[in-house]
$ cat work00.cif   # mmCIF, C-alpha atoms
data_structure
#
loop_
_atom_site.label_atom_id
_atom_site.label_comp_id
_atom_site.auth_asym_id
_atom_site.auth_seq_id
_atom_site.Cartn_x
_atom_site.Cartn_y
_atom_site.Cartn_z
CA MET A 44 -35.63 6.64 -21.81
CA PRO A 45 -33.52 6.80 -18.61
CA ILE A 46 -30.00 5.40 -18.77
CA ARG A 47 -29.43 2.29 -16.67
CA LEU A 48 -25.94 1.69 -15.35
CA ASP A 49 -24.15 -0.85 -13.20
CA ALA A 50 -21.40 -0.42 -10.66
CA ALA A 51 -17.86 -1.61 -11.27
CA PRO A 52 -16.57 -4.75 -9.55
CA THR A 53 -15.38 -4.06 -6.02
CA PHE A 54 -11.94 -4.52 -4.56
CA ALA A 55 -13.29 -7.63 -2.83
CA ASP A 56 -14.40 -8.99 -6.21
CA ARG A 57 -10.99 -8.36 -7.73
CA LEU A 58 -9.20 -10.01 -4.81
CA ARG A 59 -11.49 -13.03 -4.95
CA ASP A 60 -10.98 -13.51 -8.69
CA ALA A 61 -7.23 -12.85 -8.75
CA ASP A 62 -4.86 -15.69 -9.60
CA ARG A 63 -1.77 -13.77 -8.43
CA THR A 64 -0.72 -11.11 -5.97
CA LEU A 65 -2.14 -7.72 -6.95
CA PHE A 66 0.15 -4.69 -6.94
CA GLY A 67 -0.75 -1.06 -6.51
CA MET A 68 0.37 2.39 -5.50
CA TRP A 69 -0.79 5.37 -3.49
CA SER A 70 -2.18 8.57 -4.96
CA CYS A 71 -1.11 11.18 -2.40
CA ALA A 72 -0.61 14.39 -4.39
CA GLY A 73 -4.33 15.15 -4.46
CA SER A 74 -4.17 15.69 -8.22
CA PRO A 75 -6.73 14.08 -10.57
CA LEU A 76 -4.18 14.31 -13.39
CA VAL A 77 -1.57 12.43 -11.37
CA ALA A 78 -4.17 9.87 -10.26
CA GLU A 79 -5.07 9.29 -13.91
CA ILE A 80 -1.41 8.78 -14.81
CA CYS A 81 -1.14 6.23 -11.99
CA ALA A 82 -4.30 4.47 -13.13
CA GLY A 83 -2.91 4.01 -16.62
CA SER A 84 0.38 2.56 -15.40
CA GLY A 85 -0.64 -1.08 -15.59
CA LEU A 86 -0.76 -1.53 -11.81
CA ASP A 87 -3.85 -3.18 -10.34
CA ILE A 88 -4.76 -0.70 -7.58
CA VAL A 89 -4.73 3.07 -7.09
CA LEU A 90 -5.17 3.88 -3.42
CA ILE A 91 -6.41 7.45 -2.98
CA ASP A 92 -5.18 8.66 0.38
CA GLY A 93 -7.48 10.80 2.50
CA GLU A 94 -5.44 10.42 5.70
CA HIS A 95 -1.97 11.80 5.00
CA SER A 96 -2.66 13.85 1.87
CA PRO A 97 -3.93 17.38 1.15
CA VAL A 98 -7.35 16.28 -0.10
CA ASN A 99 -11.00 17.00 0.54
CA LEU A 100 -14.21 15.46 -0.73
CA GLU A 101 -14.10 17.41 -3.98
CA SER A 102 -10.55 16.34 -4.83
CA ILE A 103 -11.29 12.71 -3.93
CA LEU A 104 -14.31 12.87 -6.23
CA ALA A 105 -12.19 14.31 -9.03
CA GLN A 106 -9.62 11.55 -8.58
CA LEU A 107 -12.31 8.87 -8.69
CA GLN A 108 -13.64 10.36 -11.91
CA ALA A 109 -10.14 10.48 -13.40
CA VAL A 110 -9.40 6.85 -12.51
CA ALA A 111 -12.81 5.48 -13.56
CA PRO A 112 -12.04 4.76 -17.25
CA TYR A 113 -9.02 2.60 -16.41
CA PRO A 114 -8.76 -1.05 -15.30
CA ALA A 115 -6.99 -0.17 -12.03
CA ILE A 116 -9.37 -0.40 -9.11
CA PRO A 117 -9.63 2.69 -6.87
CA VAL A 118 -9.60 2.34 -3.10
CA VAL A 119 -10.14 5.39 -0.88
CA ARG A 120 -8.56 5.67 2.56
CA ALA A 121 -10.75 7.64 4.94
CA PRO A 122 -8.94 10.09 7.23
CA ILE A 123 -10.56 8.44 10.25
CA GLY A 124 -12.93 5.59 11.00
CA ASP A 125 -15.95 7.81 11.47
CA PRO A 126 -19.41 6.81 10.13
CA VAL A 127 -20.16 10.35 8.93
CA VAL A 128 -16.94 10.59 6.93
CA ILE A 129 -17.46 7.11 5.51
CA LYS A 130 -21.03 7.99 4.53
CA GLN A 131 -19.76 11.00 2.58
CA LEU A 132 -17.09 8.97 0.80
CA LEU A 133 -19.59 6.27 -0.13
CA ASP A 134 -22.12 8.78 -1.42
CA LEU A 135 -19.59 10.48 -3.68
CA GLY A 136 -18.99 7.11 -5.32
CA ALA A 137 -16.12 5.50 -3.45
CA GLN A 138 -17.01 1.81 -3.61
CA ASN A 139 -13.89 0.59 -1.85
CA ILE A 140 -13.19 2.03 1.58
CA LEU A 141 -10.01 1.64 3.64
CA VAL A 142 -10.20 2.59 7.31
CA PRO A 143 -6.92 3.34 9.12
CA MET A 144 -5.93 2.47 12.67
CA VAL A 145 -8.42 -0.31 13.40
CA ASP A 146 -7.32 -1.75 16.73
CA SER A 147 -10.20 -3.92 17.91
CA VAL A 148 -13.06 -6.18 16.94
CA ALA A 149 -15.51 -3.56 18.18
CA HIS A 150 -14.01 -0.89 15.94
CA ALA A 151 -13.99 -3.20 12.92
CA GLU A 152 -17.61 -4.18 13.52
CA ALA A 153 -18.55 -0.50 13.77
CA MET A 154 -16.91 0.10 10.39
CA VAL A 155 -18.90 -2.75 8.86
CA ARG A 156 -22.08 -1.08 10.11
CA ALA A 157 -20.88 2.26 8.71
CA VAL A 158 -20.76 0.91 5.14
CA ARG A 159 -24.14 -0.85 5.32
CA TYR A 160 -27.68 0.46 5.27
CA PRO A 161 -30.21 -0.42 8.01
CA PRO A 162 -31.15 -2.89 9.34
CA HIS A 163 -27.59 -4.23 9.06
CA GLY A 164 -25.83 -0.91 9.51
CA VAL A 165 -26.09 2.81 10.09
CA ARG A 166 -25.26 4.30 6.70
CA GLY A 167 -27.53 7.25 6.02
CA VAL A 168 -29.86 6.83 3.04
CA GLY A 169 -29.16 9.54 0.50
CA SER A 170 -28.31 7.57 -2.60
CA ALA A 171 -30.94 9.22 -4.79
CA LEU A 172 -28.99 12.46 -4.37
CA ALA A 173 -25.55 10.91 -4.79
CA ARG A 174 -23.04 9.62 -7.29
CA SER A 175 -22.93 6.27 -5.46
CA SER A 176 -26.14 5.17 -7.19
CA ARG A 177 -25.41 7.37 -10.21
CA TRP A 178 -28.47 9.32 -9.07
CA SER A 179 -30.69 6.19 -9.07
CA ARG A 180 -29.44 5.02 -12.46
CA ILE A 181 -28.03 1.81 -10.93
CA PRO A 182 -31.09 -0.44 -10.62
CA ASP A 183 -32.01 -1.62 -7.11
CA TYR A 184 -29.02 0.19 -5.62
CA LEU A 185 -30.38 0.22 -2.08
CA ALA A 186 -31.09 -3.50 -2.08
CA ARG A 187 -27.72 -4.32 -3.65
CA ALA A 188 -25.54 -1.75 -1.92
CA SER A 189 -23.76 -4.19 0.41
CA ASP A 190 -22.53 -6.14 -2.62
CA LEU A 191 -21.37 -2.96 -4.37
CA VAL A 192 -19.09 -1.82 -1.54
CA SER A 193 -15.93 -3.31 -0.05
CA LEU A 194 -14.36 -2.61 3.33
CA THR A 195 -10.67 -2.96 4.11
CA VAL A 196 -9.37 -2.22 7.61
CA GLN A 197 -5.82 -1.29 8.43
CA ILE A 198 -3.75 -3.02 11.12
CA GLU A 199 -1.16 -0.50 12.33
CA THR A 200 -0.60 -0.96 16.07
CA THR A 201 0.35 -3.67 18.52
CA GLU A 202 -3.26 -3.66 19.73
CA GLY A 203 -4.48 -4.30 16.21
CA LEU A 204 -1.81 -6.94 15.74
CA GLU A 205 -3.11 -8.85 18.77
CA GLN A 206 -6.66 -8.71 17.41
CA ALA A 207 -5.78 -9.36 13.74
CA ALA A 208 -7.09 -12.93 13.61
CA ALA A 209 -10.41 -11.97 15.22
CA ILE A 210 -10.77 -8.90 12.98
CA ALA A 211 -10.07 -11.00 9.88
CA ALA A 212 -12.91 -13.35 10.86
CA ILE A 213 -15.59 -10.62 10.99
CA ASP A 214 -18.34 -10.88 8.39
CA GLY A 215 -18.17 -7.73 6.29
CA VAL A 216 -14.43 -7.15 6.62
CA ASP A 217 -13.35 -7.89 3.07
CA ALA A 218 -9.60 -7.40 3.49
CA LEU A 219 -6.87 -6.24 5.83
CA LEU A 220 -3.98 -3.91 5.09
CA VAL A 221 -0.91 -3.89 7.31
CA GLY A 222 0.82 -0.54 7.72
CA PRO A 223 4.44 -1.34 8.67
CA ALA A 224 5.40 2.30 9.32
CA ASP A 225 2.89 2.86 12.12
CA LEU A 226 3.21 -0.73 13.28
CA ALA A 227 6.96 -0.29 13.67
CA ALA A 228 6.38 2.91 15.65
CA SER A 229 3.86 1.16 17.88
CA MET A 230 6.46 -1.57 18.51
CA GLY A 231 9.05 1.00 19.58
CA LEU A 232 10.90 0.70 16.28
CA LEU A 233 10.08 4.05 14.66
CA GLY A 234 11.39 4.22 11.09
CA GLN A 235 12.46 0.56 11.07
CA GLN A 236 9.84 -1.02 8.83
CA ASN A 237 12.27 -3.75 7.75
CA HIS A 238 13.31 -4.69 11.28
CA PRO A 239 13.02 -8.49 11.69
CA ASP A 240 10.41 -8.11 14.43
CA VAL A 241 8.25 -5.87 12.23
CA VAL A 242 8.57 -8.21 9.25
CA ALA A 243 7.61 -11.15 11.45
CA ALA A 244 4.60 -9.23 12.75
CA VAL A 245 3.46 -8.44 9.21
CA GLU A 246 3.83 -12.05 8.19
CA SER A 247 1.81 -13.14 11.23
CA VAL A 248 -1.09 -10.98 10.03
CA ILE A 249 -0.81 -12.44 6.53
CA ALA A 250 -0.98 -15.93 8.04
CA ALA A 251 -3.96 -15.00 10.23
CA GLY A 252 -5.82 -13.60 7.26
CA ARG A 253 -5.14 -16.66 5.15
CA ALA A 254 -6.41 -18.88 7.96
CA ALA A 255 -9.64 -16.85 8.09
CA GLY A 256 -9.99 -16.70 4.31
CA THR A 257 -9.55 -12.91 4.35
CA PRO A 258 -7.05 -11.28 1.95
CA VAL A 259 -4.23 -9.33 3.56
CA GLY A 260 -2.16 -6.63 1.88
CA VAL A 261 0.84 -4.61 2.99
CA ASN A 262 2.79 -1.46 2.17
CA ALA A 263 6.29 -2.33 0.96
CA PHE A 264 8.12 0.27 -1.08
CA ASP A 265 11.36 -1.74 -0.94
CA PRO A 266 11.20 -4.25 -3.84
CA ALA A 267 12.91 -7.08 -1.97
CA THR A 268 10.53 -6.69 0.97
CA ALA A 269 7.56 -6.54 -1.40
CA ASP A 270 8.70 -9.78 -3.02
CA ARG A 271 9.07 -11.39 0.39
CA TYR A 272 5.55 -10.46 1.46
CA ALA A 273 4.09 -11.64 -1.85
CA ALA A 274 5.87 -14.96 -1.38
CA ALA A 275 4.49 -15.15 2.17
CA GLY A 276 0.95 -14.98 0.80
CA ALA A 277 0.05 -11.30 0.69
CA ALA A 278 -2.96 -10.91 -1.56
CA TYR A 279 -1.86 -7.43 -2.61
CA VAL A 280 1.15 -5.18 -2.07
CA LEU A 281 1.36 -1.41 -2.37
CA VAL A 282 4.78 -0.80 -3.85
CA GLY A 283 5.01 2.96 -4.27
CA ALA A 284 3.39 6.38 -4.15
CA ASP A 285 3.16 9.22 -6.63
CA VAL A 286 4.93 11.70 -4.34
CA THR A 287 7.80 9.39 -3.42
CA LEU A 288 8.36 8.41 -7.05
CA LEU A 289 8.55 12.08 -8.00
CA ALA A 290 10.85 12.87 -5.06
CA ARG A 291 13.31 10.06 -5.80
CA ALA A 292 13.27 10.60 -9.58
CA SER A 293 13.84 14.34 -9.26
CA GLU A 294 16.67 13.70 -6.81
CA ALA A 295 18.21 11.27 -9.29
CA LEU A 296 18.11 13.97 -11.96
CA ALA A 297 19.85 16.39 -9.63
CA ASP A 298 22.48 13.78 -8.78
CA ARG A 299 23.08 13.01 -12.44
CA PHE A 300 23.35 16.55 -13.72
CA ILE A 301 24.56 18.52 -10.68
CA GLY A 302 26.18 15.91 -8.48
CA ALA A 303 25.25 14.12 -5.29
CA THR A 304 25.29 16.12 -2.08
CA PRO A 305 27.35 14.21 0.50
CA ASP A 306 25.07 15.08 3.40
CA SER A 307 21.79 14.37 1.57
CA PRO A 308 19.44 12.29 3.74
CA ALA A 309 18.79 8.71 2.73
CA PRO A 310 15.38 8.09 1.13
CA ALA A 311 12.77 7.14 3.71
CA ALA A 312 10.85 3.90 3.35
CA TYR A 313 7.11 3.84 3.95
#
$ encode --input "work00.cif" --output "structure tokens"
Amino acid sequence: MPIRLDAAPTFADRLRDADRTLFGMWSCAGSPLVAEICAGSGLDIVLIDGEHSPVNLESILAQLQAVAPYPAIPVVRAPIGDPVVIKQLLDLGAQNILVPMVDSVAHAEAMVRAVRYPPHGVRGVGSALARSSRWSRIPDYLARASDLVSLTVQIETTEGLEQAAAIAAIDGVDALLVGPADLAASMGLLGQQNHPDVVAAVESVIAAGRAAGTPVGVNAFDPATADRYAAAGAAYVLVGADVTLLARASEALADRFIGATPDSPAPAAY
């Protein structure tokens, strides 16, 4: 008798049901083992990065498989908002897609179509061959697919900032994520994620999302800034990354046992 399975709750489901701010971290090393360690940490979200990390489809798949047994919800950032790339990520079983650098309503609407099957979208139909449907072991996958996928779009430029309220109001955009690093650069404040103007811009997106009923998250590796954004109404905050944790912890070991180097660069915020 064939096995019948069901998909896990989506990121949108978890955000809707949450009674507090969710907290998560990035998986950037490209290692399934490291992703599994992150997933067992007690944090709510593991965000597998396909944009700034040395990963391919096979390593993203392996990370999804490693994270699957744990309560933390996996979100996969595509390297680019391209329907073909998104189709591949969906078919390998990524239920929760994050698209970077979404600057306009038109781009956001195109991403909604990319995660949906016709007639409401352009996603290619290959689920019988793919992990997304567990090779047709999830009953009625094609009919239910829109409910089994979530879409988060990333606001990272001044253009996106200007369109944030309209993007948040689009049917099919389940959440926004503000990227303060790129946003600061776009504002002419490269490397100044905690500049008052950048913080105010982030908080304006949080307010716009709340007005539209759309959850907004933000990167904030500085604990005080993370607390501030949570207090401002951020639905989720990404508070670290595997590679930065390893970098800072290994540096702390060197400082403790060898001694601090006077000209060592200050740790960079994300």
$ resolve_selection --input "work00.cif" --expression "the PyMOL selection byres ((chain A and resi 279) around 6)" --output "ChimeraX atom specification"
/A:64-66,260,277-278,280
$ write_last_selection --input "work00.cif" --atoms "C-alpha atoms" --output "mmCIF file, in the coordinates of the input"
data_model
loop_
_atom_site.group_PDB
_atom_site.id
_atom_site.type_symbol
_atom_site.label_atom_id
_atom_site.label_comp_id
_atom_site.auth_asym_id
_atom_site.auth_seq_id
_atom_site.Cartn_x
_atom_site.Cartn_y
_atom_site.Cartn_z
ATOM 1 C CA THR A 64 -0.720 -11.110 -5.970
ATOM 2 C CA LEU A 65 -2.140 -7.720 -6.950
ATOM 3 C CA PHE A 66 0.150 -4.690 -6.940
ATOM 4 C CA GLY A 260 -2.160 -6.630 1.880
ATOM 5 C CA ALA A 277 0.050 -11.300 0.690
ATOM 6 C CA ALA A 278 -2.960 -10.910 -1.560
ATOM 7 C CA VAL A 280 1.150 -5.180 -2.070
#
$ atom_distance --input "work00.cif" --atom1 "CA of Pro52 (chain A)" --atom2 "CA of Ala263 (chain A)"
25.3 Å
$ closest_residue --input "work00.cif" --among "A:Asp92, A:Asp49, A:Glu205, A:Asp183" --to "Leu141 (chain A)" --atoms "only C-alpha atoms"
A:Asp92
$ residues_around --input "work00.cif" --residues "Gly283 (chain A)" --least-positions-apart "3" --cutoff "8 Å" --atoms "all atoms listed in the file" --output "ChimeraX atom specification"
/A:67-69,263-264,287-288
$ resolve_selection --input "work00.cif" --expression "the PyMOL selection byres ((chain A and resi 273-275) around 12)" --output "PyMOL selection string"
chain A and resi 63-66+242-243+245-253+258-263+266-272+276-282
$ residues_around --input "work00.cif" --residues "Glu79 (chain A)" --least-positions-apart "3" --cutoff "8 Å" --atoms "only C-alpha atoms" --output "list in words"
Pro75, Leu76, Ala82, Gly83, Gln106, Ala109 and Val110 of chain A
$ write_last_selection --input "work00.cif" --atoms "C-alpha atoms" --output "PDB file, keeping the file's coordinate frame"
ATOM      1  CA  PRO A  75      -6.730  14.080 -10.570  1.00  0.00           C
ATOM      2  CA  LEU A  76      -4.180  14.310 -13.390  1.00  0.00           C
ATOM      3  CA  ALA A  82      -4.300   4.470 -13.130  1.00  0.00           C
ATOM      4  CA  GLY A  83      -2.910   4.010 -16.620  1.00  0.00           C
ATOM      5  CA  GLN A 106      -9.620  11.550  -8.580  1.00  0.00           C
ATOM      6  CA  ALA A 109     -10.140  10.480 -13.400  1.00  0.00           C
ATOM      7  CA  VAL A 110      -9.400   6.850 -12.510  1.00  0.00           C
TER       8      VAL A 110
END
$ closest_atom_pairs --input "work00.cif" --of "region 81-141 of chain A" --to "region 151-163 of chain A" --cutoff "8 Å" --atoms "all atoms listed in the file" --output "JSON lines"
{"residue": "A:Gly124", "atom": "CA", "partner": "A:Met154", "partner_atom": "CA", "distance": 6.8}
{"residue": "A:Asp125", "atom": "CA", "partner": "A:Met154", "partner_atom": "CA", "distance": 7.8}
{"residue": "A:Pro126", "atom": "CA", "partner": "A:Ala157", "partner_atom": "CA", "distance": 5.0}
{"residue": "A:Ile129", "atom": "CA", "partner": "A:Ala157", "partner_atom": "CA", "distance": 6.7}
{"residue": "A:Lys130", "atom": "CA", "partner": "A:Ala157", "partner_atom": "CA", "distance": 7.1}
{"residue": "A:Leu133", "atom": "CA", "partner": "A:Val158", "partner_atom": "CA", "distance": 7.6}
$ write_last_selection --input "work00.cif" --atoms "C-alpha atoms" --output "compact mmCIF listing (two decimals), keeping the file's coordinate frame"
# COMPACT_ATOMS: atom_id res chain seq x y z
CA GLY A 124 -12.93 5.59 11.00
CA ASP A 125 -15.95 7.81 11.47
CA PRO A 126 -19.41 6.81 10.13
CA ILE A 129 -17.46 7.11 5.51
CA LYS A 130 -21.03 7.99 4.53
CA LEU A 133 -19.59 6.27 -0.13
$ resolve_selection --input "work00.cif" --expression "the PyMOL selection byres ((chain A and resi 187-195) around 7)" --output "PyMOL selection string"
chain A and resi 50+53-55+138-142+159+183-186+196-197+216-220
$ atom_distance --input "work00.cif" --atom1 "CA of Val241 (chain A)" --atom2 "CA of Gln206 (chain A)"
16.0 Å
$ closest_residue --input "work00.cif" --among "A:Ile116, A:Val168, A:Ala51, A:Ala244" --to "Leu204 (chain A)" --atoms "only C-alpha atoms"
A:Ala244
$ atom_distance --input "work00.cif" --atom1 "CA of Leu100 (chain A)" --atom2 "CA of Asp285 (chain A)"
19.4 Å
$ closest_residue --input "work00.cif" --among "A:Thr200, A:Ala149, A:Pro117, A:Ala292" --to "Gly231 (chain A)" --atoms "only C-alpha atoms"
A:Thr200
$ residues_around --input "work00.cif" --residues "Ser102 (chain A)" --least-positions-apart "6" --cutoff "12 Å" --atoms "all atoms listed in the file" --output "JSON, numbers by chain"
{"A": [70, 71, 72, 73, 74, 75, 76, 77, 78, 91, 92, 93, 96, 108, 109, 119, 132, 135]}
$ write_last_selection --input "work00.cif" --atoms "C-alpha atoms" --output "PDB file, in the frame of the given file"
ATOM      1  CA  SER A  70      -2.180   8.570  -4.960  1.00  0.00           C
ATOM      2  CA  CYS A  71      -1.110  11.180  -2.400  1.00  0.00           C
ATOM      3  CA  ALA A  72      -0.610  14.390  -4.390  1.00  0.00           C
ATOM      4  CA  GLY A  73      -4.330  15.150  -4.460  1.00  0.00           C
ATOM      5  CA  SER A  74      -4.170  15.690  -8.220  1.00  0.00           C
ATOM      6  CA  PRO A  75      -6.730  14.080 -10.570  1.00  0.00           C
ATOM      7  CA  LEU A  76      -4.180  14.310 -13.390  1.00  0.00           C
ATOM      8  CA  VAL A  77      -1.570  12.430 -11.370  1.00  0.00           C
ATOM      9  CA  ALA A  78      -4.170   9.870 -10.260  1.00  0.00           C
ATOM     10  CA  ILE A  91      -6.410   7.450  -2.980  1.00  0.00           C
ATOM     11  CA  ASP A  92      -5.180   8.660   0.380  1.00  0.00           C
ATOM     12  CA  GLY A  93      -7.480  10.800   2.500  1.00  0.00           C
ATOM     13  CA  SER A  96      -2.660  13.850   1.870  1.00  0.00           C
ATOM     14  CA  GLN A 108     -13.640  10.360 -11.910  1.00  0.00           C
ATOM     15  CA  ALA A 109     -10.140  10.480 -13.400  1.00  0.00           C
ATOM     16  CA  VAL A 119     -10.140   5.390  -0.880  1.00  0.00           C
ATOM     17  CA  LEU A 132     -17.090   8.970   0.800  1.00  0.00           C
ATOM     18  CA  LEU A 135     -19.590  10.480  -3.680  1.00  0.00           C
TER      19      LEU A 135
END
$ residues_around --input "work00.cif" --residues "Glu94 (chain A)" --least-positions-apart "6" --cutoff "7 Å" --atoms "only C-alpha atoms" --output "ChimeraX atom specification"
/A:120-122
$ residues_around --input "work00.cif" --residues "Leu233 (chain A)" --least-positions-apart "2" --cutoff "12 Å" --atoms "all atoms listed in the file" --output "ChimeraX atom specification"
/A:200,223-231,235-238,241,311-313
$ closest_residue --input "work00.cif" --among "A:Arg47, A:Leu289, A:Ala303, A:Ala284" --to "Ser176 (chain A)" --atoms "all atoms listed in the file"
A:Arg47
$ decode --input "work00.cif" --residues "region 255-269 of chain A" --atoms "N, CA and C atoms" --output "compact mmCIF listing (two decimals), in the first residue's frame"
# COMPACT_ATOMS: atom_id res chain seq x y z
N ALA A 255 -0.74 46.58 6.51
CA ALA A 255 -1.29 45.71 5.46
C ALA A 255 -1.62 44.31 5.96
N GLY A 256 -1.27 44.02 7.21
CA GLY A 256 -1.48 42.69 7.74
C GLY A 256 -0.46 41.67 7.25
N THR A 257 0.69 42.15 6.81
CA THR A 257 1.74 41.28 6.28
C THR A 257 2.93 41.29 7.23
N PRO A 258 3.38 40.12 7.72
CA PRO A 258 4.51 40.09 8.65
C PRO A 258 5.78 40.63 8.00
N VAL A 259 6.56 41.33 8.78
CA VAL A 259 7.84 41.87 8.33
C VAL A 259 8.93 41.40 9.28
N GLY A 260 10.03 40.91 8.70
CA GLY A 260 11.19 40.53 9.48
C GLY A 260 12.39 41.38 9.09
N VAL A 261 13.49 41.19 9.82
CA VAL A 261 14.68 42.00 9.58
C VAL A 261 15.91 41.25 10.05
N ASN A 262 17.03 41.48 9.38
CA ASN A 262 18.33 41.03 9.87
C ASN A 262 18.81 41.99 10.94
N ALA A 263 19.26 41.46 12.07
CA ALA A 263 19.81 42.32 13.13
C ALA A 263 20.71 41.48 14.00
N PHE A 264 22.00 41.46 13.67
CA PHE A 264 22.93 40.63 14.42
C PHE A 264 23.37 41.30 15.72
N ASP A 265 23.12 42.59 15.87
CA ASP A 265 23.39 43.29 17.12
C ASP A 265 22.20 43.09 18.05
N PRO A 266 22.40 42.50 19.25
CA PRO A 266 21.26 42.17 20.11
C PRO A 266 20.38 43.36 20.47
N ALA A 267 20.98 44.51 20.74
CA ALA A 267 20.16 45.67 21.11
C ALA A 267 19.29 46.11 19.94
N THR A 268 19.84 46.07 18.73
CA THR A 268 19.06 46.43 17.56
C THR A 268 17.96 45.41 17.31
N ALA A 269 18.27 44.13 17.50
CA ALA A 269 17.26 43.09 17.35
C ALA A 269 16.11 43.31 18.32
